[in-house]
$ cat structure06.tsv   # TSV, C-alpha atoms and all ligand atoms
chain	number	residue	atom	x	y	z
A	208	MET	CA	-34.53	-80.96	84.31
A	209	ALA	CA	-31.34	-82.95	83.68
A	210	LYS	CA	-30.67	-86.36	82.17
A	211	ILE	CA	-28.64	-88.39	84.64
A	212	LEU	CA	-26.89	-91.69	84.06
A	213	ILE	CA	-26.38	-93.71	87.26
A	214	THR	CA	-24.01	-96.68	87.34
A	215	GLY	CA	-24.99	-99.27	89.94
A	216	GLY	CA	-28.34	-97.47	90.12
A	217	THR	CA	-30.04	-100.74	91.10
A	218	GLY	CA	-28.36	-100.79	94.54
A	219	LEU	CA	-29.28	-99.40	97.95
A	220	VAL	CA	-28.27	-95.80	97.25
A	221	GLY	CA	-29.12	-95.84	93.54
A	222	THR	CA	-32.69	-97.06	94.04
A	223	ARG	CA	-33.55	-94.30	96.51
A	224	LEU	CA	-31.63	-91.65	94.55
A	225	THR	CA	-33.40	-92.61	91.31
A	226	LYS	CA	-36.79	-92.16	92.96
A	227	MET	CA	-35.81	-88.80	94.46
A	228	LEU	CA	-34.42	-87.53	91.13
A	229	ILE	CA	-37.54	-88.63	89.24
A	230	ASP	CA	-39.73	-86.93	91.85
A	231	LYS	CA	-37.76	-83.77	91.05
A	232	LYS	CA	-38.57	-84.27	87.32
A	233	HIS	CA	-35.10	-85.36	86.26
A	234	GLU	CA	-34.68	-88.21	83.77
A	235	VAL	CA	-32.70	-91.21	85.04
A	236	ILE	CA	-30.92	-93.89	83.03
A	237	ILE	CA	-29.17	-96.79	84.76
A	238	LEU	CA	-26.16	-98.86	83.76
A	239	SER	CA	-26.45	-102.39	85.11
A	240	ARG	CA	-24.83	-105.78	84.51
A	241	ASN	CA	-28.35	-107.23	84.31
A	242	PRO	CA	-30.76	-104.63	82.96
A	243	LYS	CA	-34.41	-105.40	83.70
A	244	ASN	CA	-36.41	-102.20	83.24
A	245	LYS	CA	-36.71	-99.99	80.19
A	246	ASN	CA	-34.51	-97.23	81.66
A	247	GLU	CA	-31.70	-99.76	82.34
A	248	PHE	CA	-28.85	-100.39	79.87
A	249	LYS	CA	-26.21	-103.10	79.86
A	250	TRP	CA	-22.52	-102.92	80.52
A	251	ASP	CA	-19.93	-105.59	81.09
A	252	ILE	CA	-16.44	-104.58	82.16
A	253	ALA	CA	-14.98	-108.05	81.49
A	254	LYS	CA	-15.88	-107.54	77.82
A	255	ASN	CA	-15.16	-103.81	77.88
A	256	TYR	CA	-18.74	-103.34	76.69
A	257	VAL	CA	-21.21	-100.58	77.39
A	258	ASP	CA	-24.45	-99.88	75.51
A	259	GLN	CA	-23.79	-96.50	73.83
A	260	LYS	CA	-27.52	-95.68	73.80
A	261	ALA	CA	-27.29	-95.07	77.54
A	262	PHE	CA	-25.26	-91.91	76.89
A	263	GLU	CA	-27.66	-90.07	74.56
A	264	ASN	CA	-28.03	-86.46	75.76
A	265	THR	CA	-26.60	-87.28	79.17
A	266	ASP	CA	-25.94	-84.24	81.38
A	267	TYR	CA	-24.48	-85.92	84.47
A	268	VAL	CA	-23.00	-89.30	85.41
A	269	ILE	CA	-23.28	-90.57	88.98
A	270	HIS	CA	-20.87	-93.46	89.51
A	271	LEU	CA	-22.12	-95.76	92.28
A	272	ALA	CA	-21.20	-99.17	90.85
A	273	GLY	CA	-18.98	-101.38	92.94
A	274	ALA	CA	-18.87	-104.87	94.42
A	275	GLY	CA	-19.95	-104.81	98.10
A	276	ILE	CA	-16.99	-104.00	100.35
A	277	ALA	CA	-18.34	-106.03	103.26
A	278	ASP	CA	-20.16	-108.77	101.35
A	279	LYS	CA	-17.38	-111.38	101.29
A	280	ARG	CA	-13.99	-112.11	102.85
A	281	TRP	CA	-11.16	-110.14	101.29
A	282	THR	CA	-9.34	-112.86	99.38
A	283	TYR	CA	-6.86	-111.80	96.69
A	284	GLU	CA	-9.55	-112.40	94.04
A	285	ARG	CA	-12.23	-110.50	95.97
A	286	LYS	CA	-9.91	-107.52	96.45
A	287	LYS	CA	-9.39	-107.41	92.69
A	288	VAL	CA	-13.17	-107.48	92.09
A	289	ILE	CA	-13.66	-104.66	94.63
A	290	ILE	CA	-11.12	-102.46	92.84
A	291	ASP	CA	-11.96	-103.36	89.23
A	292	SER	CA	-15.72	-102.90	89.71
A	293	ARG	CA	-15.03	-99.27	90.66
A	294	VAL	CA	-11.96	-98.36	88.61
A	295	GLN	CA	-12.34	-100.35	85.35
A	296	THR	CA	-15.96	-99.20	85.20
A	297	ALA	CA	-14.89	-95.55	85.61
A	298	ASN	CA	-12.23	-96.07	82.93
A	299	LEU	CA	-14.82	-97.50	80.55
A	300	LEU	CA	-17.08	-94.49	81.18
A	301	PHE	CA	-14.15	-92.15	80.58
A	302	LYS	CA	-13.19	-93.83	77.31
A	303	THR	CA	-16.79	-93.77	76.05
A	304	ILE	CA	-17.35	-90.13	77.02
A	305	LYS	CA	-14.05	-89.01	75.55
A	306	GLU	CA	-14.39	-90.91	72.26
A	307	ASN	CA	-17.97	-89.81	71.72
A	308	LYS	CA	-17.21	-86.20	72.76
A	309	ILE	CA	-20.09	-86.20	75.24
A	310	HIS	CA	-20.33	-82.81	76.96
A	311	LEU	CA	-21.09	-83.75	80.54
A	312	LYS	CA	-21.96	-81.04	83.05
A	313	GLY	CA	-20.54	-83.13	85.87
A	314	PHE	CA	-19.13	-86.48	86.92
A	315	ILE	CA	-20.12	-87.42	90.46
A	316	SER	CA	-18.57	-90.42	92.15
A	317	ALA	CA	-19.03	-92.33	95.37
A	318	SER	CA	-15.97	-92.98	97.49
A	319	GLY	CA	-15.67	-94.08	101.09
A	320	ILE	CA	-14.41	-92.80	104.42
A	321	GLY	CA	-12.12	-95.83	104.17
A	322	TYR	CA	-9.97	-93.31	102.28
A	323	TYR	CA	-8.45	-92.21	105.61
A	324	GLY	CA	-7.65	-95.78	106.64
A	325	ALA	CA	-9.30	-98.06	109.19
A	326	ILE	CA	-7.70	-96.70	112.36
A	327	THR	CA	-8.97	-95.49	115.71
A	328	THR	CA	-7.41	-92.13	116.54
A	329	GLN	CA	-8.43	-88.83	118.10
A	330	THR	CA	-8.05	-87.13	114.69
A	331	ILE	CA	-11.21	-85.79	113.09
A	332	PHE	CA	-10.41	-86.44	109.45
A	333	LYS	CA	-11.07	-83.70	106.93
A	334	GLU	CA	-10.91	-83.86	103.16
A	335	SER	CA	-7.34	-82.53	102.95
A	336	ASP	CA	-5.95	-85.32	105.15
A	337	PRO	CA	-3.75	-87.95	103.50
A	338	VAL	CA	-4.86	-91.34	102.27
A	339	GLY	CA	-4.62	-94.29	104.70
A	340	ASN	CA	-2.05	-97.00	104.33
A	341	ASP	CA	-4.32	-100.04	104.00
A	342	PHE	CA	-6.52	-101.88	101.50
A	343	LEU	CA	-9.51	-99.51	101.66
A	344	GLY	CA	-7.18	-96.52	101.41
A	345	GLU	CA	-5.82	-98.07	98.20
A	346	VAL	CA	-9.34	-98.77	96.87
A	347	CYS	CA	-10.52	-95.20	97.52
A	348	GLN	CA	-7.37	-93.63	96.09
A	349	LYS	CA	-7.68	-95.62	92.83
A	350	TRP	CA	-11.45	-94.99	92.69
A	351	GLU	CA	-10.96	-91.22	93.13
A	352	ASP	CA	-8.04	-91.08	90.67
A	353	ALA	CA	-10.30	-92.72	88.09
A	354	ALA	CA	-12.95	-90.04	88.75
A	355	HIS	CA	-10.42	-87.18	88.53
A	356	GLN	CA	-9.60	-88.21	84.93
A	357	PHE	CA	-12.77	-86.39	83.86
A	358	GLU	CA	-11.27	-83.06	84.91
A	359	GLY	CA	-8.90	-83.53	81.95
A	360	LEU	CA	-11.99	-83.23	79.73
A	361	ASN	CA	-13.04	-80.03	81.55
A	362	ILE	CA	-15.83	-81.89	83.30
A	363	PRO	CA	-16.33	-80.83	86.95
A	364	VAL	CA	-15.89	-83.73	89.38
A	365	THR	CA	-17.62	-84.26	92.72
A	366	ILE	CA	-16.58	-87.06	95.09
A	367	LEU	CA	-18.59	-88.07	98.16
A	368	ARG	CA	-16.52	-89.97	100.75
A	369	THR	CA	-19.39	-91.85	102.28
A	370	GLY	CA	-19.84	-93.17	105.82
A	371	ILE	CA	-22.05	-96.10	106.81
A	372	VAL	CA	-25.38	-95.51	105.10
A	373	LEU	CA	-28.38	-96.01	107.37
A	374	SER	CA	-31.47	-97.12	105.51
A	375	LYS	CA	-34.76	-98.84	106.22
A	376	GLN	CA	-34.11	-101.61	103.73
A	377	GLY	CA	-30.79	-103.44	103.58
A	378	GLY	CA	-27.37	-102.02	104.28
A	379	ALA	CA	-25.53	-102.04	107.58
A	380	LEU	CA	-28.49	-101.20	109.83
A	381	GLU	CA	-30.37	-104.38	108.93
A	382	LYS	CA	-27.37	-106.45	110.05
A	383	MET	CA	-27.19	-104.55	113.36
A	384	LYS	CA	-30.84	-105.13	114.31
A	385	LEU	CA	-30.19	-108.19	116.48
A	386	PRO	CA	-32.51	-109.29	119.32
A	387	VAL	CA	-29.90	-108.01	121.79
A	388	ILE	CA	-27.68	-105.04	120.88
A	389	SER	CA	-24.00	-104.92	121.92
A	390	PRO	CA	-21.00	-102.84	120.88
A	391	ILE	CA	-18.11	-104.58	119.17
A	392	GLY	CA	-14.37	-104.80	119.72
A	393	SER	CA	-13.12	-102.13	122.12
A	394	GLY	CA	-16.41	-100.28	121.69
A	395	LYS	CA	-14.35	-97.08	121.47
A	396	GLN	CA	-13.93	-97.04	117.70
A	397	TYR	CA	-15.99	-94.38	115.92
A	398	VAL	CA	-18.83	-95.26	113.55
A	399	PRO	CA	-19.25	-92.47	110.98
A	400	TRP	CA	-22.80	-92.71	109.65
A	401	ILE	CA	-25.23	-90.93	107.33
A	402	HIS	CA	-28.97	-91.25	106.74
A	403	LEU	CA	-29.68	-92.52	103.20
A	404	ASP	CA	-31.81	-89.49	102.37
A	405	ASP	CA	-29.07	-87.03	103.38
A	406	LEU	CA	-26.65	-88.85	101.09
A	407	CYS	CA	-29.13	-88.74	98.21
A	408	TYR	CA	-29.78	-85.00	98.79
A	409	MET	CA	-26.02	-84.47	98.58
A	410	TYR	CA	-25.95	-86.14	95.15
A	411	ILE	CA	-28.90	-83.96	94.14
A	412	GLN	CA	-27.11	-80.85	95.40
A	413	ALA	CA	-24.08	-81.84	93.32
A	414	ILE	CA	-26.40	-81.55	90.31
A	415	GLU	CA	-28.75	-78.73	91.24
A	416	GLY	CA	-26.43	-76.75	93.49
A	417	ASN	CA	-22.76	-76.19	93.44
A	418	LEU	CA	-21.04	-79.05	95.22
A	419	LYS	CA	-17.84	-79.51	93.25
A	420	GLY	CA	-14.75	-81.20	94.67
A	421	ILE	CA	-14.27	-83.75	97.43
A	422	PHE	CA	-16.62	-83.93	100.42
A	423	ASN	CA	-17.05	-86.21	103.38
A	424	ALA	CA	-20.61	-87.54	103.31
A	425	VAL	CA	-21.18	-88.24	107.01
A	426	ALA	CA	-23.52	-86.79	109.62
A	427	PRO	CA	-22.00	-84.15	111.93
A	428	GLU	CA	-22.80	-86.06	115.15
A	429	HIS	CA	-20.02	-88.48	116.15
A	430	HIS	CA	-20.67	-91.86	117.76
A	431	THR	CA	-18.53	-94.69	119.06
A	432	SER	CA	-19.63	-98.31	118.76
A	433	ILE	CA	-20.84	-98.02	122.40
A	434	THR	CA	-22.93	-94.86	121.99
A	435	PHE	CA	-24.24	-96.06	118.60
A	436	SER	CA	-25.36	-99.41	120.06
A	437	LYS	CA	-27.06	-97.71	123.00
A	438	ALA	CA	-28.98	-95.37	120.67
A	439	LEU	CA	-29.95	-98.27	118.40
A	440	ALA	CA	-31.16	-100.44	121.32
A	441	LYS	CA	-33.23	-97.50	122.62
A	442	SER	CA	-34.83	-96.74	119.26
A	443	LEU	CA	-35.68	-100.43	118.68
A	444	ASN	CA	-36.77	-100.88	122.28
A	445	ARG	CA	-34.44	-103.87	122.57
A	446	PRO	CA	-32.05	-104.84	125.37
A	447	TYR	CA	-28.58	-103.29	125.35
A	448	ILE	CA	-25.80	-105.45	126.77
A	449	GLY	CA	-22.63	-103.52	127.46
A	450	ILE	CA	-20.31	-106.52	126.98
A	451	CYS	CA	-18.51	-105.94	123.68
A	452	VAL	CA	-18.46	-108.69	121.03
A	453	PRO	CA	-14.80	-109.78	121.21
A	454	SER	CA	-12.48	-108.72	118.39
A	455	PHE	CA	-11.05	-112.24	117.94
A	456	MET	CA	-14.54	-113.57	117.09
A	457	LEU	CA	-14.97	-111.00	114.34
A	458	LYS	CA	-11.44	-111.64	113.07
A	459	LEU	CA	-12.22	-115.36	112.93
A	460	LEU	CA	-15.51	-114.80	111.15
A	461	PHE	CA	-14.48	-112.09	108.69
A	462	GLY	CA	-10.67	-112.17	108.45
A	463	GLU	CA	-9.03	-108.91	107.30
A	464	LEU	CA	-12.47	-107.40	106.55
A	465	SER	CA	-13.14	-107.27	110.33
A	466	ILE	CA	-10.93	-104.17	110.49
A	467	ILE	CA	-13.77	-101.99	109.18
A	468	LEU	CA	-15.91	-103.09	112.12
A	469	LEU	CA	-13.19	-102.87	114.75
A	470	GLU	CA	-11.53	-99.56	113.88
A	471	GLY	CA	-12.76	-96.09	113.02
A	472	SER	CA	-12.08	-92.40	113.59
A	473	ARG	CA	-14.29	-89.34	113.49
A	474	ILE	CA	-14.85	-87.79	110.08
A	475	SER	CA	-15.63	-84.09	109.69
A	476	ALA	CA	-18.84	-82.91	108.02
A	477	LYS	CA	-17.77	-79.24	108.20
A	478	LYS	CA	-16.72	-78.77	104.57
A	479	ILE	CA	-20.03	-79.89	103.08
A	480	GLU	CA	-21.96	-77.77	105.63
A	481	LYS	CA	-19.81	-74.73	104.77
A	482	ASN	CA	-20.65	-75.35	101.12
A	483	GLY	CA	-24.33	-74.92	101.86
A	484	TYR	CA	-25.51	-78.46	102.58
A	485	SER	CA	-28.02	-78.53	105.37
A	486	PHE	CA	-28.54	-81.93	107.04
A	487	ARG	CA	-32.07	-83.34	107.42
A	488	PHE	CA	-30.74	-85.90	109.94
A	489	LYS	CA	-28.03	-84.28	112.05
A	490	THR	CA	-28.42	-86.53	115.07
A	491	LEU	CA	-28.43	-90.31	115.25
A	492	LYS	CA	-31.57	-90.21	117.39
A	493	LYS	CA	-33.48	-88.38	114.66
A	494	ALA	CA	-32.15	-90.70	111.93
A	495	LEU	CA	-32.94	-93.90	113.82
A	496	ASN	CA	-36.40	-92.70	114.78
A	497	ALA	CA	-37.13	-91.92	111.12
A	498	LEU	CA	-35.92	-95.36	110.07
B	1	LIG	N1	-23.98	-98.41	101.58
B	1	LIG	C1	-22.97	-97.95	102.30
B	1	LIG	O1	-22.97	-98.01	103.55
B	1	LIG	C2	-21.79	-97.31	101.60
B	1	LIG	C3	-20.78	-96.70	102.38
B	1	LIG	C4	-19.69	-96.13	101.74
B	1	LIG	C5	-19.60	-96.15	100.36
B	1	LIG	N2	-20.59	-96.74	99.63
B	1	LIG	C6	-20.42	-96.80	98.18
B	1	LIG	O2	-21.50	-96.19	97.51
B	1	LIG	C7	-21.81	-96.92	96.32
B	1	LIG	C8	-23.27	-97.30	96.34
B	1	LIG	O3	-23.51	-98.04	97.53
B	1	LIG	P1	-24.74	-99.04	97.67
B	1	LIG	O4	-24.89	-99.34	99.11
B	1	LIG	O5	-25.90	-98.54	96.88
B	1	LIG	O6	-24.13	-100.33	96.96
B	1	LIG	P2	-24.93	-101.65	96.46
B	1	LIG	O7	-26.31	-101.68	97.03
B	1	LIG	O8	-24.04	-102.80	96.74
B	1	LIG	O9	-25.07	-101.42	94.90
B	1	LIG	C9	-23.96	-101.25	94.07
B	1	LIG	C10	-24.32	-101.62	92.66
B	1	LIG	O10	-23.08	-101.85	91.97
B	1	LIG	C11	-23.27	-102.84	90.98
B	1	LIG	N3	-22.22	-103.87	91.13
B	1	LIG	C12	-22.08	-104.78	92.14
B	1	LIG	N4	-21.02	-105.57	91.90
B	1	LIG	C13	-20.48	-105.16	90.72
B	1	LIG	C14	-19.40	-105.59	89.92
B	1	LIG	N5	-18.63	-106.63	90.30
B	1	LIG	N6	-19.14	-104.95	88.76
B	1	LIG	C15	-19.90	-103.89	88.36
B	1	LIG	N7	-20.98	-103.45	89.06
B	1	LIG	C16	-21.25	-104.07	90.23
B	1	LIG	C17	-24.63	-103.49	91.19
B	1	LIG	O11	-25.48	-103.10	90.12
B	1	LIG	P3	-25.94	-104.15	88.96
B	1	LIG	O12	-26.11	-105.48	89.65
B	1	LIG	O13	-27.22	-103.58	88.46
B	1	LIG	O14	-24.85	-104.15	87.95
B	1	LIG	C18	-25.11	-102.90	92.52
B	1	LIG	O15	-26.49	-102.64	92.51
B	1	LIG	C19	-20.88	-98.14	96.30
B	1	LIG	O16	-19.81	-97.90	95.43
B	1	LIG	C20	-20.41	-98.25	97.72
B	1	LIG	O17	-19.12	-98.81	97.87
B	1	LIG	C21	-21.67	-97.31	100.22
$ encode --input "structure06.tsv" --output "structure tokens" --more "lines below"
Ligand SMILES: NC(=O)c1ccc[n+]([C@@H]2O[C@H](COP(=O)([O-])OP(=O)(O)OC[C@H]3O[C@@H](n4cnc5c(N)ncnc54)[C@H](OP(=O)(O)O)[C@@H]3O)[C@@H](O)[C@H]2O)c1
Amino acid sequence: MAKILITGGTGLVGTRLTKMLIDKKHEVIILSRNPKNKNEFKWDIAKNYVDQKAFENTDYVIHLAGAGIADKRWTYERKKVIIDSRVQTANLLFKTIKENKIHLKGFISASGIGYYGAITTQTIFKESDPVGNDFLGEVCQKWEDAAHQFEGLNIPVTILRTGIVLSKQGGALEKMKLPVISPIGSGKQYVPWIHLDDLCYMYIQAIEGNLKGIFNAVAPEHHTSITFSKALAKSLNRPYIGICVPSFMLKLLFGELSIILLEGSRISAKKIEKNGYSFRFKTLKKALNAL
């Protein structure tokens, strides 16, 4: 049994992960801006404040906190919030852990497949590929650099570059469940995805197994916007209309943020599989049926 501190543990991934860790008899503490339950402790990056009690006997930190990437238009201010909520928070954790000489067994951080850049190519990106030259590439690079600091304290670091998380409640899938399902943009861009439970099992394997280093957290089956929409329409038993939602509409609605909907390449799941992770939901059909 380990004691695990989860930042942003109140969110989509954190809520499910907390339940799965508790079911496996681990103890979970959460850092939140607005703590509500007795296992939740306060932090506030604007004030450089974190409740030190949260760190008592902590074995692992899982860093999930971050302002929603797709929640609002990417204004200058919003971009700063997106970066600071991931990087300043990691820096505050680092400072606290270093100053208090806390002997963590591991620091595990979320990152995104946005690392490789929002581009549609025939490349299947693997972990050793370079960072993309756009805003999300910058976010992920800074986020991961902040996580790598812990290696300087001899704390093993695991980073999960996460695809679109499919879940029953909230997240991207809820927004896709329209009365009529259509692909978007060219329809040819790839949509790297992962079932929420697979992602949570990966975090658990980073604690209970030996997942150290950087891994893509995506399912091995690749889908374009067209094949994804067809599978979704079939699983929901809703009409599929093969006329793509035009790119200009999404650009008008979402501005620069639309790029994450309109572009995407395949992302390789081979490294995590080679390291012993076995997917519960390898195919989109199985994942959507379960959801
Ligand atoms: N869901 C996906 O499809 C997906 C894909 C790729 C990567 N990821 C990454 O995985 C992590 C977890 O994802 P998720 O879907 O669980 O995210 P989520 O539901 O949006 O939850 C993230 C948590 O971060 C905290 N947070 C939000 N804004 C913040 C801010 N400005 N400053 C500090 N903390 C803030 C919130 O906790 P409190 O309100 O309790 O403070 C929130 O519950 C995120 O970093 C996300 O970027 C997710």
$ residues_near_ligand --input "structure06.tsv" --ligand "ligand LIG 1 (chain B)" --cutoff "8 Å" --atoms "all atoms listed in the file" --output "MDAnalysis selection string"
chainID A and resid 214:222 237:242 250:252 270:276 288:289 291:293 296 317:321 368:373 378:379
$ closest_residue --input "structure06.tsv" --among "A:Lys477, A:Ile236, A:Asp404, A:Ala277" --to "Lys260 of chain A" --atoms "all atoms listed in the file"
A:Ile236
$ closest_residue --input "structure06.tsv" --among "A:Lys375, A:Lys395, A:His355, A:His402" --to "Gly420 of chain A" --atoms "all atoms listed in the file"
A:His355
$ residues_around --input "structure06.tsv" --residues "Ser465 of chain A" --least-positions-apart "2" --cutoff "10 Å" --atoms "all atoms listed in the file" --output "compact mmCIF listing (two decimals) with C-alpha atoms, in the coordinates of the input"
# COMPACT_ATOMS: atom_id res chain seq x y z
CA ALA A 277 -18.34 -106.03 103.26
CA ARG A 280 -13.99 -112.11 102.85
CA TRP A 281 -11.16 -110.14 101.29
CA GLY A 392 -14.37 -104.80 119.72
CA SER A 454 -12.48 -108.72 118.39
CA PHE A 455 -11.05 -112.24 117.94
CA MET A 456 -14.54 -113.57 117.09
CA LEU A 457 -14.97 -111.00 114.34
CA LYS A 458 -11.44 -111.64 113.07
CA LEU A 459 -12.22 -115.36 112.93
CA LEU A 460 -15.51 -114.80 111.15
CA PHE A 461 -14.48 -112.09 108.69
CA GLY A 462 -10.67 -112.17 108.45
CA GLU A 463 -9.03 -108.91 107.30
CA ILE A 467 -13.77 -101.99 109.18
CA LEU A 468 -15.91 -103.09 112.12
CA LEU A 469 -13.19 -102.87 114.75
CA GLU A 470 -11.53 -99.56 113.88
$ residues_around --input "structure06.tsv" --residues "Met208 of chain A" --least-positions-apart "4" --cutoff "10 Å" --atoms "all atoms listed in the file" --output "PyMOL selection string"
chain A and resi 228-229+231-234+266+415
$ atom_distance --input "structure06.tsv" --atom1 "atom CA of Ser316 of chain A" --atom2 "atom CA of Asn496 of chain A"
28.9 Å
$ closest_residue --input "structure06.tsv" --among "A:Ala440, A:Val338, A:Ile331, A:Ala354" --to "Ala297 of chain A" --atoms "only C-alpha atoms"
A:Ala354
$ residues_around --input "structure06.tsv" --residues "Leu343 of chain A" --least-positions-apart "4" --cutoff "7 Å" --atoms "only C-alpha atoms" --output "PDB file with C-alpha atoms, in the frame of the given file"
ATOM      1  CA  GLY A 321     -12.120 -95.830 104.170  1.00  0.00           C
ATOM      2  CA  TYR A 322      -9.970 -93.310 102.280  1.00  0.00           C
ATOM      3  CA  GLY A 324      -7.650 -95.780 106.640  1.00  0.00           C
ATOM      4  CA  CYS A 347     -10.520 -95.200  97.520  1.00  0.00           C
TER       5      CYS A 347
END
$ residues_around --input "structure06.tsv" --residues "segment 484-487 of chain A" --least-positions-apart "4" --cutoff "7 Å" --atoms "only C-alpha atoms" --output "JSON list (two decimals) with C-alpha atoms, in the frame of the given file"
[["chain", "number", "residue", "atom", "x", "y", "z"],
["A", 405, "ASP", "CA", -29.07, -87.03, 103.38],
["A", 479, "ILE", "CA", -20.03, -79.89, 103.08],
["A", 480, "GLU", "CA", -21.96, -77.77, 105.63]]
$ closest_residue --input "structure06.tsv" --among "A:Ser335, A:Asn307, A:Asn246, A:Asn298" --to "Lys349 of chain A" --atoms "all atoms listed in the file"
A:Asn298
$ closest_residue --input "structure06.tsv" --among "A:Ile290, A:Ile474, A:Leu311, A:Leu495" --to "Val364 of chain A" --atoms "only C-alpha atoms"
A:Leu311
$ residues_near_point --input "structure06.tsv" --point "(-33.0, -96.8, 122.2)" --cutoff "12 Å" --atoms "only C-alpha atoms" --output "PyMOL selection string"
chain A and resi 384+387-388+434-447+491-496
$ residues_around --input "structure06.tsv" --residues "Ala426 of chain A" --least-positions-apart "3" --cutoff "8 Å" --atoms "only C-alpha atoms" --output "list of chain:residue names"
A:Pro399, A:Trp400, A:Ile401, A:His402, A:His429, A:Ala476, A:Phe486, A:Phe488, A:Lys489, A:Thr490
$ write_last_selection --input "structure06.tsv" --atoms "C-alpha atoms" --output "PDB file, in the frame of the given file"
ATOM      1  CA  PRO A 399     -19.250 -92.470 110.980  1.00  0.00           C
ATOM      2  CA  TRP A 400     -22.800 -92.710 109.650  1.00  0.00           C
ATOM      3  CA  ILE A 401     -25.230 -90.930 107.330  1.00  0.00           C
ATOM      4  CA  HIS A 402     -28.970 -91.250 106.740  1.00  0.00           C
ATOM      5  CA  HIS A 429     -20.020 -88.480 116.150  1.00  0.00           C
ATOM      6  CA  ALA A 476     -18.840 -82.910 108.020  1.00  0.00           C
ATOM      7  CA  PHE A 486     -28.540 -81.930 107.040  1.00  0.00           C
ATOM      8  CA  PHE A 488     -30.740 -85.900 109.940  1.00  0.00           C
ATOM      9  CA  LYS A 489     -28.030 -84.280 112.050  1.00  0.00           C
ATOM     10  CA  THR A 490     -28.420 -86.530 115.070  1.00  0.00           C
TER      11      THR A 490
END
$ closest_residue --input "structure06.tsv" --among "A:Ala497, A:Phe248, A:Lys210, A:Val452" --to "Ser374 of chain A" --atoms "all atoms listed in the file"
A:Ala497
$ atom_distance --input "structure06.tsv" --atom1 "atom CA of Ile269 of chain A" --atom2 "atom CA of Arg223 of chain A"
13.3 Å
$ atom_distance --input "structure06.tsv" --atom1 "atom CA of Tyr408 of chain A" --atom2 "atom CA of Leu380 of chain A"
19.6 Å
$ decode --input "structure06.tsv" --residues "segment 468-478 of chain A" --atoms "N, CA, C and O atoms" --output "compact mmCIF listing (two decimals), in the first residue's frame"
# COMPACT_ATOMS: atom_id res chain seq x y z
N LEU A 468 -8.63 20.17 -33.20
CA LEU A 468 -9.72 19.37 -33.77
C LEU A 468 -9.44 19.04 -35.23
O LEU A 468 -9.87 18.01 -35.73
N LEU A 469 -8.72 19.94 -35.89
CA LEU A 469 -8.58 19.84 -37.35
C LEU A 469 -7.32 19.09 -37.80
O LEU A 469 -7.22 18.69 -38.95
N GLU A 470 -6.37 18.94 -36.90
CA GLU A 470 -5.11 18.28 -37.28
C GLU A 470 -4.78 17.15 -36.29
O GLU A 470 -5.16 17.23 -35.12
N GLY A 471 -4.05 16.17 -36.76
CA GLY A 471 -3.63 15.09 -35.86
C GLY A 471 -2.93 13.99 -36.62
O GLY A 471 -3.32 13.67 -37.75
N SER A 472 -1.89 13.43 -36.01
CA SER A 472 -1.16 12.31 -36.60
C SER A 472 -1.35 11.07 -35.73
O SER A 472 -1.87 11.16 -34.62
N ARG A 473 -0.87 9.94 -36.24
CA ARG A 473 -0.91 8.73 -35.42
C ARG A 473 0.18 8.79 -34.36
O ARG A 473 1.24 9.38 -34.58
N ILE A 474 -0.11 8.19 -33.22
CA ILE A 474 0.84 8.18 -32.10
C ILE A 474 1.05 6.71 -31.72
O ILE A 474 0.07 5.96 -31.58
N SER A 475 2.29 6.32 -31.55
CA SER A 475 2.60 4.91 -31.31
C SER A 475 2.38 4.51 -29.84
O SER A 475 2.79 5.22 -28.93
N ALA A 476 1.77 3.34 -29.66
CA ALA A 476 1.58 2.79 -28.31
C ALA A 476 2.61 1.67 -28.04
O ALA A 476 2.53 0.98 -27.02
N LYS A 477 3.57 1.50 -28.98
CA LYS A 477 4.46 0.33 -28.89
C LYS A 477 5.33 0.33 -27.65
O LYS A 477 5.55 -0.71 -27.04
N LYS A 478 5.84 1.52 -27.26
CA LYS A 478 6.81 1.54 -26.15
C LYS A 478 6.14 1.05 -24.85
O LYS A 478 6.70 0.23 -24.13
